[in-house]
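Novice: So here's data-v4.cif, just mmCIF, N, CA, C and O atoms:
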data_start
loop_
_atom_site.label_atom_id
_atom_site.label_comp_id
_atom_site.auth_asym_id
_atom_site.auth_seq_id
_atom_site.Cartn_x
_atom_site.Cartn_y
_atom_site.Cartn_z
N MET A 271 106.77 186.38 124.90
CA MET A 271 107.67 185.33 124.47
C MET A 271 108.57 185.87 123.36
O MET A 271 108.11 186.50 122.42
N VAL A 272 109.86 185.62 123.46
CA VAL A 272 110.81 186.05 122.44
C VAL A 272 110.84 185.03 121.32
O VAL A 272 110.94 183.82 121.57
N ASN A 273 110.71 185.51 120.08
CA ASN A 273 110.76 184.60 118.94
C ASN A 273 112.19 184.17 118.68
O ASN A 273 113.11 184.97 118.77
N ARG A 274 112.36 182.91 118.37
CA ARG A 274 113.68 182.40 118.02
C ARG A 274 114.12 183.05 116.72
O ARG A 274 113.34 183.24 115.82
N GLY A 275 115.39 183.38 116.64
CA GLY A 275 115.93 183.98 115.43
C GLY A 275 116.75 182.98 114.64
O GLY A 275 117.43 182.14 115.21
N HIS A 276 116.67 183.09 113.35
CA HIS A 276 117.43 182.24 112.44
C HIS A 276 118.04 183.14 111.38
O HIS A 276 117.51 184.21 111.10
N GLU A 277 119.13 182.72 110.78
CA GLU A 277 119.71 183.43 109.66
C GLU A 277 119.89 182.47 108.51
O GLU A 277 120.29 181.31 108.71
N MET A 278 119.59 182.95 107.31
CA MET A 278 119.76 182.15 106.10
C MET A 278 120.29 183.05 104.99
O MET A 278 119.91 184.21 104.91
N ARG A 279 121.14 182.48 104.18
CA ARG A 279 121.64 183.22 103.03
C ARG A 279 120.85 182.81 101.79
O ARG A 279 120.42 181.67 101.66
N LEU A 280 120.65 183.79 100.91
CA LEU A 280 119.91 183.56 99.66
C LEU A 280 120.70 184.12 98.49
O LEU A 280 121.39 185.13 98.62
N ASN A 281 120.52 183.47 97.33
CA ASN A 281 121.09 184.07 96.12
C ASN A 281 120.26 185.30 95.77
O ASN A 281 119.18 185.53 96.32
N LYS A 282 120.78 186.13 94.88
CA LYS A 282 120.14 187.42 94.59
C LYS A 282 118.70 187.27 94.09
O LYS A 282 117.82 188.02 94.51
N GLU A 283 118.46 186.30 93.22
CA GLU A 283 117.11 186.11 92.66
C GLU A 283 116.10 185.77 93.76
O GLU A 283 115.03 186.37 93.86
N SER A 284 116.44 184.81 94.61
CA SER A 284 115.54 184.42 95.70
C SER A 284 115.38 185.55 96.72
O SER A 284 114.28 185.81 97.21
N PHE A 285 116.49 186.21 97.04
CA PHE A 285 116.47 187.33 97.98
C PHE A 285 115.50 188.40 97.51
O PHE A 285 114.62 188.83 98.27
N ASN A 286 115.63 188.81 96.27
CA ASN A 286 114.75 189.87 95.74
C ASN A 286 113.30 189.43 95.64
O ASN A 286 112.40 190.22 95.88
N ALA A 287 113.06 188.17 95.27
CA ALA A 287 111.69 187.67 95.15
C ALA A 287 110.96 187.72 96.49
O ALA A 287 109.80 188.13 96.57
N ILE A 288 111.64 187.32 97.56
CA ILE A 288 111.01 187.36 98.88
C ILE A 288 110.95 188.79 99.40
O ILE A 288 109.93 189.22 99.94
N LYS A 289 112.02 189.54 99.22
CA LYS A 289 112.05 190.93 99.70
C LYS A 289 110.95 191.77 99.06
O LYS A 289 110.30 192.57 99.73
N ASN A 290 110.70 191.54 97.77
CA ASN A 290 109.68 192.30 97.05
C ASN A 290 108.30 191.65 97.08
O ASN A 290 107.41 192.02 96.32
N LYS A 291 108.15 190.64 97.94
CA LYS A 291 106.86 189.95 98.17
C LYS A 291 106.32 189.26 96.93
O LYS A 291 105.12 189.02 96.83
N LYS A 292 107.19 188.89 96.01
CA LYS A 292 106.76 188.12 94.83
C LYS A 292 106.73 186.62 95.15
O LYS A 292 106.09 185.85 94.47
N ARG A 293 107.45 186.24 96.20
CA ARG A 293 107.46 184.85 96.66
C ARG A 293 107.34 184.87 98.17
O ARG A 293 107.96 185.68 98.84
N THR A 294 106.53 183.96 98.72
CA THR A 294 106.31 183.93 100.16
C THR A 294 106.74 182.62 100.81
O THR A 294 106.52 182.42 102.00
N ILE A 295 107.34 181.73 100.02
CA ILE A 295 107.77 180.44 100.56
C ILE A 295 109.23 180.21 100.22
O ILE A 295 109.63 180.31 99.06
N GLU A 296 110.02 179.89 101.22
CA GLU A 296 111.42 179.51 101.03
C GLU A 296 111.52 178.01 101.26
O GLU A 296 111.02 177.48 102.26
N ILE A 297 112.13 177.31 100.31
CA ILE A 297 112.26 175.85 100.39
C ILE A 297 113.65 175.51 100.91
O ILE A 297 114.66 175.98 100.39
N ARG A 298 113.70 174.67 101.93
CA ARG A 298 114.96 174.20 102.50
C ARG A 298 114.87 172.71 102.78
O ARG A 298 113.78 172.15 102.92
N LEU A 299 116.03 172.08 102.88
CA LEU A 299 116.09 170.69 103.30
C LEU A 299 115.59 170.61 104.73
O LEU A 299 115.90 171.49 105.55
N PHE A 300 114.79 169.60 105.06
CA PHE A 300 114.27 169.46 106.43
C PHE A 300 115.27 168.68 107.28
O PHE A 300 114.98 167.62 107.82
N ASP A 301 116.46 169.24 107.40
CA ASP A 301 117.53 168.62 108.18
C ASP A 301 117.44 169.07 109.63
O ASP A 301 116.50 169.76 110.02
N GLU A 302 118.42 168.67 110.44
CA GLU A 302 118.37 168.99 111.87
C GLU A 302 118.28 170.49 112.12
O GLU A 302 117.56 170.94 113.01
N LYS A 303 118.99 171.29 111.36
CA LYS A 303 118.98 172.74 111.54
C LYS A 303 117.58 173.32 111.33
O LYS A 303 117.13 174.18 112.07
N ARG A 304 116.87 172.85 110.29
CA ARG A 304 115.54 173.39 109.97
C ARG A 304 114.45 172.87 110.89
O ARG A 304 113.38 173.44 110.98
N LYS A 305 114.70 171.75 111.57
CA LYS A 305 113.69 171.21 112.49
C LYS A 305 113.43 172.15 113.66
O LYS A 305 112.40 172.05 114.31
N SER A 306 114.34 173.08 113.91
CA SER A 306 114.16 174.01 115.03
C SER A 306 113.28 175.21 114.66
O SER A 306 112.90 175.98 115.52
N ILE A 307 112.93 175.36 113.38
CA ILE A 307 112.11 176.50 112.95
C ILE A 307 110.65 176.26 113.35
O ILE A 307 110.08 175.21 113.08
N LYS A 308 110.07 177.26 113.97
CA LYS A 308 108.68 177.19 114.44
C LYS A 308 107.88 178.39 113.93
O LYS A 308 108.45 179.42 113.58
N ILE A 309 106.56 178.26 113.94
CA ILE A 309 105.66 179.36 113.61
C ILE A 309 105.98 180.54 114.54
O ILE A 309 106.24 180.34 115.72
N ASN A 310 105.95 181.75 114.01
CA ASN A 310 106.24 183.01 114.70
C ASN A 310 107.72 183.30 114.91
O ASN A 310 108.06 184.34 115.46
N ASP A 311 108.60 182.40 114.49
CA ASP A 311 110.04 182.68 114.55
C ASP A 311 110.38 183.79 113.57
O ASP A 311 109.62 184.05 112.62
N ILE A 312 111.50 184.44 113.80
CA ILE A 312 112.00 185.48 112.91
C ILE A 312 113.20 184.91 112.15
O ILE A 312 114.09 184.28 112.76
N ILE A 313 113.22 185.14 110.85
CA ILE A 313 114.37 184.74 110.03
C ILE A 313 114.97 185.99 109.41
O ILE A 313 114.25 186.82 108.84
N LYS A 314 116.26 186.11 109.54
CA LYS A 314 116.99 187.18 108.86
C LYS A 314 117.58 186.58 107.58
O LYS A 314 118.39 185.66 107.64
N PHE A 315 117.11 187.07 106.44
CA PHE A 315 117.63 186.63 105.15
C PHE A 315 118.76 187.57 104.74
O PHE A 315 118.59 188.80 104.74
N ASN A 316 119.91 187.01 104.42
CA ASN A 316 121.06 187.76 103.96
C ASN A 316 121.35 187.41 102.51
O ASN A 316 121.22 186.25 102.12
N LEU A 317 121.77 188.41 101.74
CA LEU A 317 122.34 188.11 100.43
C LEU A 317 123.58 187.26 100.64
O LEU A 317 124.22 187.35 101.70
N MET A 318 123.95 186.46 99.67
CA MET A 318 125.11 185.57 99.81
C MET A 318 126.36 186.30 100.28
O MET A 318 127.13 185.78 101.07
N ASP A 319 126.56 187.53 99.82
CA ASP A 319 127.76 188.30 100.21
C ASP A 319 127.53 189.18 101.43
O ASP A 319 128.39 189.99 101.79
N TYR A 320 126.37 189.04 102.06
CA TYR A 320 125.99 189.80 103.26
C TYR A 320 125.90 191.31 103.02
O TYR A 320 125.95 192.09 103.96
N SER A 321 125.73 191.74 101.77
CA SER A 321 125.64 193.17 101.48
C SER A 321 124.26 193.76 101.76
O SER A 321 124.10 194.97 101.78
N ASP A 322 123.26 192.92 101.98
CA ASP A 322 121.91 193.38 102.26
C ASP A 322 121.20 192.29 103.06
O ASP A 322 121.55 191.11 102.97
N SER A 323 120.19 192.69 103.82
CA SER A 323 119.42 191.73 104.60
C SER A 323 118.05 192.31 104.92
O SER A 323 117.82 193.51 104.79
N PHE A 324 117.14 191.45 105.32
CA PHE A 324 115.83 191.85 105.80
C PHE A 324 115.29 190.71 106.67
O PHE A 324 115.82 189.60 106.64
N GLU A 325 114.25 191.01 107.43
CA GLU A 325 113.67 190.01 108.32
C GLU A 325 112.25 189.65 107.91
O GLU A 325 111.52 190.49 107.37
N VAL A 326 111.91 188.40 108.20
CA VAL A 326 110.56 187.90 107.94
C VAL A 326 110.09 187.14 109.18
O VAL A 326 110.89 186.73 110.02
N LYS A 327 108.77 186.99 109.26
CA LYS A 327 108.16 186.19 110.31
C LYS A 327 107.66 184.90 109.69
O LYS A 327 107.07 184.92 108.60
N VAL A 328 107.89 183.78 110.34
CA VAL A 328 107.41 182.48 109.86
C VAL A 328 105.92 182.39 110.19
O VAL A 328 105.53 182.46 111.37
N ILE A 329 105.09 182.25 109.16
CA ILE A 329 103.64 182.17 109.39
C ILE A 329 103.07 180.79 109.02
O ILE A 329 101.90 180.53 109.22
N GLY A 330 103.92 179.92 108.47
CA GLY A 330 103.47 178.57 108.13
C GLY A 330 104.65 177.68 107.81
O GLY A 330 105.72 178.16 107.41
N LEU A 331 104.46 176.38 108.00
CA LEU A 331 105.48 175.39 107.68
C LEU A 331 104.82 174.23 106.95
O LEU A 331 103.76 173.76 107.37
N MET A 332 105.42 173.79 105.87
CA MET A 332 104.87 172.69 105.07
C MET A 332 105.97 171.66 104.82
O MET A 332 107.06 172.01 104.43
N ARG A 333 105.65 170.40 105.05
CA ARG A 333 106.60 169.32 104.82
C ARG A 333 106.31 168.64 103.49
O ARG A 333 105.15 168.41 103.14
N PHE A 334 107.38 168.28 102.78
CA PHE A 334 107.27 167.58 101.50
C PHE A 334 108.23 166.41 101.49
O PHE A 334 109.39 166.55 101.91
N LYS A 335 107.76 165.27 101.00
CA LYS A 335 108.60 164.07 100.96
C LYS A 335 109.65 164.14 99.86
O LYS A 335 110.73 163.59 100.00
N ASN A 336 109.29 164.79 98.74
CA ASN A 336 110.20 164.84 97.59
C ASN A 336 109.81 166.02 96.70
O ASN A 336 108.87 166.75 97.00
N LEU A 337 110.53 166.17 95.60
CA LEU A 337 110.26 167.30 94.69
C LEU A 337 108.88 167.22 94.05
O LEU A 337 108.21 168.24 93.89
N ASN A 338 108.44 166.01 93.70
CA ASN A 338 107.10 165.88 93.10
C ASN A 338 106.03 166.32 94.09
O ASN A 338 105.08 167.01 93.72
N ASP A 339 106.17 165.90 95.33
CA ASP A 339 105.23 166.29 96.38
C ASP A 339 105.21 167.81 96.52
O ASP A 339 104.14 168.43 96.59
N LEU A 340 106.39 168.43 96.50
CA LEU A 340 106.50 169.88 96.60
C LEU A 340 105.76 170.57 95.46
O LEU A 340 104.90 171.41 95.68
N PHE A 341 106.07 170.19 94.23
CA PHE A 341 105.51 170.90 93.09
C PHE A 341 104.05 170.56 92.80
O PHE A 341 103.37 171.30 92.11
N ASN A 342 103.56 169.48 93.37
CA ASN A 342 102.13 169.17 93.26
C ASN A 342 101.29 169.95 94.27
O ASN A 342 100.08 170.00 94.17
N ASN A 343 101.96 170.55 95.27
CA ASN A 343 101.23 171.20 96.36
C ASN A 343 101.51 172.68 96.53
O ASN A 343 100.94 173.31 97.41
N ILE A 344 102.38 173.26 95.69
CA ILE A 344 102.71 174.67 95.80
C ILE A 344 102.56 175.34 94.44
O ILE A 344 102.99 174.79 93.43
N ASN A 345 101.99 176.51 94.44
CA ASN A 345 101.91 177.34 93.23
C ASN A 345 103.33 177.59 92.73
O ASN A 345 104.21 177.95 93.50
N SER A 346 103.55 177.42 91.44
CA SER A 346 104.91 177.54 90.89
C SER A 346 105.52 178.92 91.10
O SER A 346 106.74 179.05 91.13
N ASN A 347 104.72 179.95 91.28
CA ASN A 347 105.26 181.29 91.56
C ASN A 347 105.88 181.36 92.95
O ASN A 347 106.65 182.27 93.23
N ASN A 348 105.52 180.42 93.80
CA ASN A 348 105.96 180.48 95.18
C ASN A 348 107.12 179.57 95.51
O ASN A 348 107.56 179.51 96.63
N ALA A 349 107.63 178.84 94.54
CA ALA A 349 108.71 177.91 94.83
C ALA A 349 109.85 178.06 93.83
O ALA A 349 109.64 178.49 92.70
N ASP A 350 111.03 177.71 94.29
CA ASP A 350 112.17 177.65 93.39
C ASP A 350 111.92 176.59 92.33
O ASP A 350 111.14 175.67 92.54
N SER A 351 112.62 176.68 91.23
CA SER A 351 112.53 175.65 90.21
C SER A 351 113.19 174.37 90.72
O SER A 351 114.01 174.39 91.63
N ILE A 352 112.82 173.25 90.12
CA ILE A 352 113.44 171.97 90.47
C ILE A 352 114.95 172.06 90.28
O ILE A 352 115.72 171.60 91.12
N ASP A 353 115.38 172.66 89.18
CA ASP A 353 116.81 172.78 88.91
C ASP A 353 117.52 173.57 90.00
O ASP A 353 118.62 173.22 90.42
N ASN A 354 116.89 174.64 90.47
CA ASN A 354 117.49 175.45 91.52
C ASN A 354 117.62 174.65 92.82
O ASN A 354 118.65 174.69 93.49
N ILE A 355 116.59 173.92 93.19
CA ILE A 355 116.64 173.11 94.41
C ILE A 355 117.71 172.03 94.27
O ILE A 355 118.49 171.79 95.20
N LYS A 356 117.78 171.39 93.09
CA LYS A 356 118.78 170.35 92.87
C LYS A 356 120.20 170.90 92.87
O LYS A 356 121.15 170.15 93.10
N SER A 357 120.36 172.20 92.63
CA SER A 357 121.70 172.78 92.66
C SER A 357 122.21 172.92 94.10
O SER A 357 123.41 173.04 94.33
N PHE A 358 121.30 172.87 95.07
CA PHE A 358 121.67 172.97 96.49
C PHE A 358 121.66 171.63 97.20
O PHE A 358 122.45 171.40 98.11
N TYR A 359 120.73 170.75 96.82
CA TYR A 359 120.56 169.49 97.52
C TYR A 359 120.58 168.32 96.56
O TYR A 359 119.99 168.39 95.47
N THR A 360 121.20 167.22 96.97
CA THR A 360 121.22 166.02 96.15
C THR A 360 119.90 165.27 96.30
O THR A 360 119.18 165.46 97.29
N GLU A 361 119.61 164.39 95.37
CA GLU A 361 118.40 163.58 95.48
C GLU A 361 118.45 162.70 96.72
O GLU A 361 117.43 162.46 97.35
N ASP A 362 119.65 162.23 97.08
CA ASP A 362 119.80 161.41 98.29
C ASP A 362 119.47 162.21 99.54
O ASP A 362 118.83 161.70 100.46
N GLU A 363 119.90 163.48 99.60
CA GLU A 363 119.59 164.33 100.75
C GLU A 363 118.08 164.57 100.84
O GLU A 363 117.49 164.50 101.92
N ILE A 364 117.46 164.85 99.70
CA ILE A 364 116.01 165.09 99.68
C ILE A 364 115.27 163.84 100.13
O ILE A 364 114.32 163.91 100.91
N LYS A 365 115.72 162.68 99.65
CA LYS A 365 115.08 161.42 100.03
C LYS A 365 115.24 161.16 101.53
O LYS A 365 114.31 160.72 102.20
N LYS A 366 116.41 161.47 102.08
CA LYS A 366 116.69 161.22 103.49
C LYS A 366 115.91 162.16 104.41
O LYS A 366 115.33 161.73 105.41
N TYR A 367 115.91 163.47 104.10
CA TYR A 367 115.34 164.47 105.00
C TYR A 367 113.97 165.00 104.60
O TYR A 367 113.22 165.46 105.44
N GLY A 368 113.68 165.01 103.30
CA GLY A 368 112.48 165.68 102.82
C GLY A 368 112.75 167.18 102.71
O GLY A 368 113.87 167.64 102.95
N LEU A 369 111.74 167.92 102.34
CA LEU A 369 111.87 169.36 102.15
C LEU A 369 110.90 170.10 103.07
O LEU A 369 109.86 169.56 103.44
N LEU A 370 111.27 171.32 103.41
CA LEU A 370 110.44 172.16 104.25
C LEU A 370 110.10 173.43 103.49
O LEU A 370 110.99 174.11 102.98
N GLY A 371 108.83 173.74 103.39
CA GLY A 371 108.38 175.01 102.84
C GLY A 371 108.14 175.96 104.00
O GLY A 371 107.29 175.70 104.86
N ILE A 372 108.93 177.02 104.06
CA ILE A 372 108.81 178.00 105.14
C ILE A 372 108.01 179.18 104.60
O ILE A 372 108.49 179.92 103.74
N VAL A 373 106.78 179.32 105.06
CA VAL A 373 105.90 180.40 104.60
C VAL A 373 106.22 181.63 105.46
O VAL A 373 106.18 181.56 106.69
N VAL A 374 106.55 182.74 104.77
CA VAL A 374 107.01 183.93 105.50
C VAL A 374 106.23 185.16 105.08
O VAL A 374 105.61 185.21 104.03
N GLU A 375 106.30 186.17 105.97
CA GLU A 375 105.80 187.51 105.64
C GLU A 375 106.83 188.52 106.09
O GLU A 375 107.45 188.36 107.15
N ARG A 376 107.02 189.55 105.27
CA ARG A 376 107.97 190.62 105.60
C ARG A 376 107.52 191.36 106.84
O ARG A 376 106.34 191.58 107.05
N ILE A 377 108.47 191.74 107.66
CA ILE A 377 108.15 192.53 108.86
C ILE A 377 108.97 193.81 108.84
O ILE A 377 109.88 193.96 108.07
#
Hey, can you dump this file as structure tokens for me?
Specialist:
Amino acid sequence: MVNRGHEMRLNKESFNAIKNKKRTIEIRLFDEKRKSIKINDIIKFNLMDYSDSFEVKVIGLMRFKNLNDLFNNINSNNADSIDNIKSFYTEDEIKKYGLLGIVVERI
């Protein structure tokens, strides 16, 4: 079976944290685009300017209703800060869609 491929852009801090295996969970809005992500899929993470990339395998998926739910259930080393998440998503978007924790491993 061929794994579905996805591409996501990351800022430099998040890119390096996942690339260097310091963080294993990427947090995204659980919108229509993210609903297609499944266990064993491959994600290509690109730096925002596309100057570097690497691939990971999805080994777990976690759903969160809101930021409190997220931070009560994930080790702080493994998640973006609340401020960082709020810089990408509004509280209304989070309330509408919830959040997805994509657990990854470098391949």
Novice: Applied to this file, what does the PyMOL selection byres (((chain A and resi 373 and name CA) around 9) and name CA) return in terms of residues, put as an NGL selection string?
Specialist: :A and (294-297 or 327-332 or 371-372 or 374-375)
Novice: Given the PyMOL selection byres ((chain A and resi 318-320) around 8) and the file above, list the residues it selects as number ranges by chain.
Specialist: A: 278-282, 285, 315-317, 321-323
Novice: Show which residues sit within 6 Å of Leu299 in chain A, as a PyMOL selection string. Count all atoms listed in the file, and ignore same-chain residues fewer than 4 positions away.
Specialist: chain A and resi 304+367-370
Novice: For atom N of Lys303 in chain A and atom O of Asn290 in chain A, quote the distance in Å rounded to one decimal.
Specialist: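 Value for the atom N of Lys303 in chain A-atom O of Asn290 in chain A distance: 28.1 Å.
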Novice: May I ask which of the residues A:Ser306, A:Lys366, A:Lys314, A:Arg293 is the closest one to Glu277 in chain A, counting only C-alpha atoms?
Specialist: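 Among the listed residues, the smallest separation from Glu277 in chain A belongs to A:Lys314.
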Novice: Once DSSP has gone over the backbone, tell me which residues of chain A are in helix (DSSP H, G or I), as a PyMOL selection string.
Specialist: chain A and resi 282-289+304-306+337-343+346-348+352-358+361-367
